Each structure stands twice: as C-alpha cells, then as structure tokens.
Amino acid sequence: MSTTTTDGQTGYMFDNATDEAAHQLRHLGEILDPGTRQTLREIGVGPGCRVTDIGAGAGTLTAWLADQVAPDGHVTAVDLDPRHITAGPTVTVRAGDIRNMELEGSQQVIVARLVLMHLPEREQVLTQLARALAPGGVLVVADWDCTWRDMIRASPSPRATQLIERFQDALLSFGESRGADMGWATRAPEAMLRAGLINVTSRIESRSWRGGTGICLLHRSNSIQRERELLAAGMTAEDLAELREVLMDPELMLSGYLMHTTTGRRPIPA
Ligand SMILES: C[S@@+](CC[C@H](N)C(=O)[O-])C[C@H]1O[C@@H](n2cnc3c(N)ncnc32)[C@H](O)[C@@H]1O
C-alpha cells in the first residue's frame, strides 16, 4: 500500500484547526470515553499515577484521567495541535509530533486512542511508547478496525445506504492515501508482543447509534471537515447535503467501526 500522497504528505487525515474539529473531537469522546475509561479503571489507574495521553484531541480523557490520579498524580497530554486541551495543576499539555518527540519516561500508563492507525511509523512509535513505561506500566492502544464495513443496521432508503457507502469509500481511501492503516487495530497485539510487552490482551467492541447521535454525528462532522476530498473523489455538493440529512434521520441506525482496545505491560526485571 502506498503511504504517501502526490504532495508527499503523510499522517493525520483531519485537522484540529478547522471549524468543525471541536465538534468532531467531542463526538469521539462521547462515543469512546465510556469504553476506554472502563479499560483504564481495570488496569488500575488511580490516585498518584503518572499517565500520558497521546493524541489527546479534545482532552476529554485527559480531564477524566486528571480526576482519577488526583491529588498526587500527573497527566501529560501530547498532541500535534493541542488547542482543544485544557492544562491544569496536574495536567501538562505538550504540542508536538509523537514521531519526533522525546517522551518523559517512567509512565505508569500510556494511552494512545485513534492515533497510531493514522501514522505510517506506527510500529516505531509503539516501541518508543513501550520504552517510556515504568517497569510494570501499561500501554493502551485503541484503534478502529475500519476494514469492518457491515455498519448499516437500518436505513431509511436504498439511496441513503448508497450515500453512506460512497462516503465511507471516499473518506477511507483519502485516509489510506495519507498513510492510515484501516486494519492496523487487528495487528496491534502482535506489535506489542514484538515490542517486548507481556500480558497482551484485546477487547473489541461496537454499538449502534440512531441518526442524529454518536457515530452518525461523527460521520457528519467528518464529511464537513473533509468536504474538499469527498468532492474530489466524485461526490457532489448535493450528495453531501443529502448525506448529512440522512445522518440526522432517526430511521437510520449505524454501528460504529469495531474498536480494538489492546493493552500490554512492561515486564518488571527479575
Ligand atoms: C482522531 S483524534 C483522537 C483524539 C482522542 N485521542 C480521542 O480518541 O478522542 C487524533 C488526535 O491525534 C493527534 N495526532 C495525530 N497525529 C499525531 C502525531 N503524529 N503526534 C501527536 N498527535 C497526533 C491529532 O491532532 C488528534 O488530536
């Protein structure tokens, strides 16, 4: 698979500086935070922990983590463009590209949700994250398997079904042209094992959303953020207007992509 566009750009396929990004990132938090929080609770995030949130986006998880680790713990939120994340006494916000950053070591938990799938250098980055863990620390990598496309549970019309499928084809192809790997989530466990982590385990989940909620709002937001690329892929302005109406229609029911949450622990030397 090619990992470069004609202009040679690779990496994240959206842009936090766009007007739509605040909505998009907030929808992600609403859809995914409950599941990720459950994983983080299970691995024992609590008072005093040192945690890093990679590609923290809206910072919803960062803010929740800050509450969990208070009063003595610390959360570092890293993002290419951290404009939506709020710093605080126990939250440090760092702007930068995780592919070129020196990370603070001895982290008890590092979480990277919906970041590695976007980066052609995902395996090197994962290795670097594993090294930044304290002995016994846990890496949480959560990514969508977007190769699973059986997402339409109920559709108001054949035309609505067709629009959603064309939109998905065009958006995911654009992501691939930027170096995203839509099936990487299924291979994260192997990559963790290669990085020397132990107790590697994965949870896979999805749920359905009516038009006007959850994943439907996210797709709508994505269609606005990447309108130019969708038009270039052959969708018309009328198609996109109709798609956005369909995504608000309560007769529509879509499943989210399959979310793979993979965890692995850095061994404690004997
Ligand atoms: C799809 S959003 C996910 C946000 C959040 N983790 C969530 O799941 O709600 C991806 C985030 O990762 C950030 N990001 C993408 N590539 C990055 C990189 N190379 N280094 C640091 N952050 C990156 C983006 O700016 C964006 O905020």
# chains A, B, ... in the order shown; residues from 1 in each chain; ligands from 1
>>> residues_around(residues="Ser223 in chain A", least_positions_apart="5", cutoff="10 Å", atoms="only C-alpha atoms", output="PDB file with C-alpha atoms, in the first residue's frame")
ATOM      1  CA  GLU A  20     -15.554  21.514  12.608  1.00  0.00           C
ATOM      2  CA  PHE A 167     -18.949   8.431   1.656  1.00  0.00           C
ATOM      3  CA  GLN A 168     -17.148   5.673   3.555  1.00  0.00           C
ATOM      4  CA  LEU A 171     -13.170   9.032   3.209  1.00  0.00           C
ATOM      5  CA  LEU A 217     -22.817  12.823  14.189  1.00  0.00           C
ATOM      6  CA  LEU A 218     -19.153  11.891  13.831  1.00  0.00           C
ATOM      7  CA  ARG A 228     -12.936  19.032  -0.427  1.00  0.00           C
ATOM      8  CA  GLU A 229     -11.523  15.494  -0.641  1.00  0.00           C
ATOM      9  CA  LEU A 230     -15.010  13.957  -0.894  1.00  0.00           C
ATOM     10  CA  LEU A 240     -23.126  15.649   0.623  1.00  0.00           C
ATOM     11  CA  ALA A 241     -26.111  17.786   1.628  1.00  0.00           C
ATOM     12  CA  LEU A 243     -25.861  12.530   3.204  1.00  0.00           C
ATOM     13  CA  ARG A 244     -25.848  14.994   6.117  1.00  0.00           C
TER      14      ARG A 244
END
>>> closest_atom_pairs(of="chain A", to="ligand 1", cutoff="7 Å", atoms="only C-alpha atoms and all ligand atoms", output="CSV")
residue,atom,partner,partner_atom_place_in_ligand_line,distance
A:Gly11,CA,ligand 1,16 (N),6.1
A:Tyr12,CA,ligand 1,16 (N),4.7
A:Asp15,CA,ligand 1,25 (O),6.6
A:Asn16,CA,ligand 1,25 (O),5.8
A:Leu25,CA,ligand 1,9 (O),5.7
A:Leu28,CA,ligand 1,9 (O),4.7
A:Gly29,CA,ligand 1,9 (O),4.8
A:Leu32,CA,ligand 1,8 (O),7.0
A:Ile54,CA,ligand 1,22 (N),6.3
A:Gly55,CA,ligand 1,12 (O),3.4
A:Ala56,CA,ligand 1,6 (N),4.3
A:Gly57,CA,ligand 1,27 (O),3.3
A:Ala58,CA,ligand 1,9 (O),6.3
A:Val78,CA,ligand 1,21 (C),6.0
A:Asp79,CA,ligand 1,22 (N),3.7
A:Leu80,CA,ligand 1,22 (N),4.0
A:Asp81,CA,ligand 1,25 (O),5.0
A:Pro82,CA,ligand 1,27 (O),6.8
A:Gly96,CA,ligand 1,21 (C),5.7
A:Asp97,CA,ligand 1,20 (N),3.5
A:Ile98,CA,ligand 1,20 (N),3.8
A:Arg99,CA,ligand 1,19 (N),5.5
A:Ala112,CA,ligand 1,6 (N),6.2
A:Arg113,CA,ligand 1,6 (N),4.3
A:Leu114,CA,ligand 1,3 (C),4.8
A:Val115,CA,ligand 1,12 (O),4.9
A:His118,CA,ligand 1,16 (N),6.7
A:Leu119,CA,ligand 1,19 (N),6.6
>>> residues_around(residues="Ala77 in chain A", least_positions_apart="3", cutoff="7 Å", atoms="only C-alpha atoms", output="short mmCIF file (atom, residue, chain, number, x, y, z; two decimals) with N, CA and C atoms, in the first residue's frame")
data_model
loop_
_atom_site.label_atom_id
_atom_site.label_comp_id
_atom_site.auth_asym_id
_atom_site.auth_seq_id
_atom_site.Cartn_x
_atom_site.Cartn_y
_atom_site.Cartn_z
N THR A 52 0.31 9.30 30.48
CA THR A 52 0.45 10.14 29.28
C THR A 52 -0.66 9.78 28.30
N ASP A 53 -1.34 10.81 27.79
CA ASP A 53 -2.42 10.65 26.81
C ASP A 53 -1.88 11.16 25.47
N ILE A 54 -1.63 10.22 24.55
CA ILE A 54 -1.03 10.57 23.25
C ILE A 54 -2.12 10.93 22.25
N ALA A 56 -4.24 13.61 22.33
CA ALA A 56 -5.34 13.74 23.30
C ALA A 56 -6.59 14.42 22.73
N THR A 62 -8.16 13.13 28.98
CA THR A 62 -7.14 13.79 29.83
C THR A 62 -7.81 14.33 31.10
N THR A 92 -0.10 18.57 32.20
CA THR A 92 0.83 19.28 31.31
C THR A 92 0.41 19.00 29.88
N VAL A 93 0.32 20.06 29.09
CA VAL A 93 -0.04 19.88 27.67
C VAL A 93 1.21 20.12 26.83
N ARG A 94 1.56 19.16 25.99
CA ARG A 94 2.74 19.30 25.12
C ARG A 94 2.31 19.26 23.66
#
>>> atom_distance(atom1="CA of Arg266 in chain A", atom2="CA of Gly46 in chain A")
18.3 Å
>>> residues_around(residues="Ile215 in chain A", least_positions_apart="6", cutoff="12 Å", atoms="only C-alpha atoms", output="PyMOL selection string")
chain A and resi 24-32+151-152+206-209+221-222+247-248+252-258
>>> write_last_selection(atoms="N, CA and C atoms", output="PDB file, in the first residue's frame")
ATOM      1  N   GLN A  24     -16.091  17.391  16.048  1.00  0.00           N
ATOM      2  CA  GLN A  24     -15.630  16.040  15.717  1.00  0.00           C
ATOM      3  C   GLN A  24     -14.974  15.382  16.931  1.00  0.00           C
ATOM      4  N   LEU A  25     -14.077  16.117  17.587  1.00  0.00           N
ATOM      5  CA  LEU A  25     -13.330  15.535  18.710  1.00  0.00           C
ATOM      6  C   LEU A  25     -14.264  15.287  19.899  1.00  0.00           C
ATOM      7  N   ARG A  26     -15.245  16.170  20.073  1.00  0.00           N
ATOM      8  CA  ARG A  26     -16.201  15.963  21.168  1.00  0.00           C
ATOM      9  C   ARG A  26     -17.050  14.718  20.911  1.00  0.00           C
ATOM     10  N   HIS A  27     -17.452  14.514  19.654  1.00  0.00           N
ATOM     11  CA  HIS A  27     -18.225  13.298  19.326  1.00  0.00           C
ATOM     12  C   HIS A  27     -17.394  12.054  19.644  1.00  0.00           C
ATOM     13  N   LEU A  28     -16.101  12.107  19.317  1.00  0.00           N
ATOM     14  CA  LEU A  28     -15.235  10.945  19.611  1.00  0.00           C
ATOM     15  C   LEU A  28     -15.248  10.636  21.105  1.00  0.00           C
ATOM     16  N   GLY A  29     -15.127  11.677  21.911  1.00  0.00           N
ATOM     17  CA  GLY A  29     -15.145  11.474  23.366  1.00  0.00           C
ATOM     18  C   GLY A  29     -16.449  10.840  23.819  1.00  0.00           C
ATOM     19  N   GLU A  30     -17.568  11.335  23.267  1.00  0.00           N
ATOM     20  CA  GLU A  30     -18.874  10.799  23.689  1.00  0.00           C
ATOM     21  C   GLU A  30     -19.015   9.329  23.295  1.00  0.00           C
ATOM     22  N   ILE A  31     -18.522   9.005  22.102  1.00  0.00           N
ATOM     23  CA  ILE A  31     -18.669   7.624  21.617  1.00  0.00           C
ATOM     24  C   ILE A  31     -17.747   6.675  22.385  1.00  0.00           C
ATOM     25  N   LEU A  32     -16.512   7.122  22.625  1.00  0.00           N
ATOM     26  CA  LEU A  32     -15.474   6.180  23.052  1.00  0.00           C
ATOM     27  C   LEU A  32     -15.057   6.260  24.516  1.00  0.00           C
ATOM     28  N   MET A 151     -21.865  -1.893   8.618  1.00  0.00           N
ATOM     29  CA  MET A 151     -22.268  -0.986   9.698  1.00  0.00           C
ATOM     30  C   MET A 151     -23.707  -0.495   9.626  1.00  0.00           C
ATOM     31  N   ILE A 152     -24.406  -0.802   8.527  1.00  0.00           N
ATOM     32  CA  ILE A 152     -25.764  -0.257   8.408  1.00  0.00           C
ATOM     33  C   ILE A 152     -26.768  -1.233   9.017  1.00  0.00           C
ATOM     34  N   SER A 206     -18.356  -2.552  19.733  1.00  0.00           N
ATOM     35  CA  SER A 206     -19.067  -1.613  18.880  1.00  0.00           C
ATOM     36  C   SER A 206     -20.488  -1.532  19.410  1.00  0.00           C
ATOM     37  N   ARG A 207     -21.169  -0.449  19.141  1.00  0.00           N
ATOM     38  CA  ARG A 207     -22.587  -0.374  19.474  1.00  0.00           C
ATOM     39  C   ARG A 207     -23.282   0.409  18.362  1.00  0.00           C
ATOM     40  N   SER A 208     -24.599   0.376  18.379  1.00  0.00           N
ATOM     41  CA  SER A 208     -25.326   1.056  17.309  1.00  0.00           C
ATOM     42  C   SER A 208     -25.788   2.433  17.763  1.00  0.00           C
ATOM     43  N   TRP A 209     -25.953   3.307  16.773  1.00  0.00           N
ATOM     44  CA  TRP A 209     -26.379   4.687  17.029  1.00  0.00           C
ATOM     45  C   TRP A 209     -27.456   5.063  16.014  1.00  0.00           C
ATOM     46  N   SER A 221     -19.753  15.156  10.864  1.00  0.00           N
ATOM     47  CA  SER A 221     -18.658  16.074  11.119  1.00  0.00           C
ATOM     48  C   SER A 221     -17.472  15.798  10.179  1.00  0.00           C
ATOM     49  N   ASN A 222     -17.149  14.529  10.022  1.00  0.00           N
ATOM     50  CA  ASN A 222     -16.040  14.164   9.118  1.00  0.00           C
ATOM     51  C   ASN A 222     -16.350  14.593   7.681  1.00  0.00           C
ATOM     52  N   LEU A 247     -27.849  11.389   7.857  1.00  0.00           N
ATOM     53  CA  LEU A 247     -27.140  11.103   9.115  1.00  0.00           C
ATOM     54  C   LEU A 247     -27.868  11.697  10.334  1.00  0.00           C
ATOM     55  N   MET A 248     -28.844  12.555  10.091  1.00  0.00           N
ATOM     56  CA  MET A 248     -29.658  13.094  11.189  1.00  0.00           C
ATOM     57  C   MET A 248     -31.019  12.406  11.278  1.00  0.00           C
ATOM     58  N   LEU A 252     -32.391   6.015  10.536  1.00  0.00           N
ATOM     59  CA  LEU A 252     -31.077   5.403  10.254  1.00  0.00           C
ATOM     60  C   LEU A 252     -30.513   4.827  11.554  1.00  0.00           C
ATOM     61  N   MET A 253     -29.918   3.648  11.452  1.00  0.00           N
ATOM     62  CA  MET A 253     -29.168   3.104  12.601  1.00  0.00           C
ATOM     63  C   MET A 253     -27.843   2.537  12.082  1.00  0.00           C
ATOM     64  N   LEU A 254     -26.741   3.068  12.614  1.00  0.00           N
ATOM     65  CA  LEU A 254     -25.410   2.613  12.187  1.00  0.00           C
ATOM     66  C   LEU A 254     -24.647   2.038  13.366  1.00  0.00           C
ATOM     67  N   SER A 255     -23.886   0.988  13.111  1.00  0.00           N
ATOM     68  CA  SER A 255     -22.912   0.533  14.099  1.00  0.00           C
ATOM     69  C   SER A 255     -21.649   1.353  13.921  1.00  0.00           C
ATOM     70  N   GLY A 256     -20.942   1.548  15.032  1.00  0.00           N
ATOM     71  CA  GLY A 256     -19.618   2.167  14.930  1.00  0.00           C
ATOM     72  C   GLY A 256     -18.647   1.161  14.331  1.00  0.00           C
ATOM     73  N   TYR A 257     -17.495   1.647  13.876  1.00  0.00           N
ATOM     74  CA  TYR A 257     -16.425   0.715  13.483  1.00  0.00           C
ATOM     75  C   TYR A 257     -16.079  -0.118  14.720  1.00  0.00           C
ATOM     76  N   LEU A 258     -15.396  -1.250  14.500  1.00  0.00           N
ATOM     77  CA  LEU A 258     -15.014  -2.080  15.651  1.00  0.00           C
ATOM     78  C   LEU A 258     -13.825  -1.433  16.368  1.00  0.00           C
TER      79      LEU A 258
END
>>> select_by_dssp(residues="range 111-200 of chain A", states="strand (DSSP E)", output="PDB file with C-alpha atoms, in the first residue's frame")
ATOM      1  CA  VAL A 111      -2.878   5.665  26.294  1.00  0.00           C
ATOM      2  CA  ALA A 112      -2.972   6.297  22.530  1.00  0.00           C
ATOM      3  CA  ARG A 113      -6.502   6.259  21.123  1.00  0.00           C
ATOM      4  CA  LEU A 133       6.720   2.935  30.516  1.00  0.00           C
ATOM      5  CA  ALA A 134       7.908   2.298  34.050  1.00  0.00           C
ATOM      6  CA  PRO A 135       8.525  -1.405  34.790  1.00  0.00           C
ATOM      7  CA  GLY A 136       5.018  -2.831  35.338  1.00  0.00           C
ATOM      8  CA  GLY A 137       3.462   0.110  33.432  1.00  0.00           C
ATOM      9  CA  VAL A 138       0.709  -0.469  30.882  1.00  0.00           C
ATOM     10  CA  LEU A 139       0.356   0.700  27.281  1.00  0.00           C
ATOM     11  CA  VAL A 140      -3.215   1.093  25.979  1.00  0.00           C
ATOM     12  CA  VAL A 141      -3.571   1.316  22.197  1.00  0.00           C
ATOM     13  CA  ALA A 142      -7.114   1.821  20.971  1.00  0.00           C
ATOM     14  CA  ASP A 143      -7.897   1.994  17.261  1.00  0.00           C
ATOM     15  CA  TRP A 144     -10.838   1.346  14.997  1.00  0.00           C
ATOM     16  CA  ASP A 145     -10.837  -1.546  12.567  1.00  0.00           C
ATOM     17  CA  ILE A 152     -25.764  -0.257   8.408  1.00  0.00           C
ATOM     18  CA  ARG A 153     -28.267  -1.768  10.876  1.00  0.00           C
ATOM     19  CA  ALA A 154     -31.311   0.098   9.490  1.00  0.00           C
ATOM     20  CA  ILE A 198       3.625  -9.004  28.294  1.00  0.00           C
ATOM     21  CA  ASN A 199       0.050  -9.841  29.366  1.00  0.00           C
ATOM     22  CA  VAL A 200      -1.090  -8.524  25.974  1.00  0.00           C
TER      23      VAL A 200
END
>>> select_by_dssp(residues="range 58-198 of chain A", states="helix (DSSP H, G or I)", output="VMD selection string")
chain A and resid 60 to 69 98 to 100 116 to 118 122 to 131 158 to 177 184 to 194
>>> residues_around(residues="range 188-197 of chain A", least_positions_apart="4", cutoff="9 Å", atoms="only C-alpha atoms", output="list in words")
Glu123, Leu126, Thr127, Gln128, Ala130, Arg131, Val138, Leu139, Val141, Ala142, Asp143, Trp184, Thr201, Ser202, His260, Thr261, Thr262, Thr263, Gly264, Arg265, Arg266 and Pro267 of chain A
>>> closest_residue(among="A:Val125, A:Cys146, A:Leu231, A:Ala180", to="Gln9 in chain A", atoms="only C-alpha atoms")
A:Ala180
>>> closest_residue(among="A:Ser155, A:Asp150, A:Gly59, A:Arg50", to="Gln108 in chain A", atoms="only C-alpha atoms")
A:Arg50
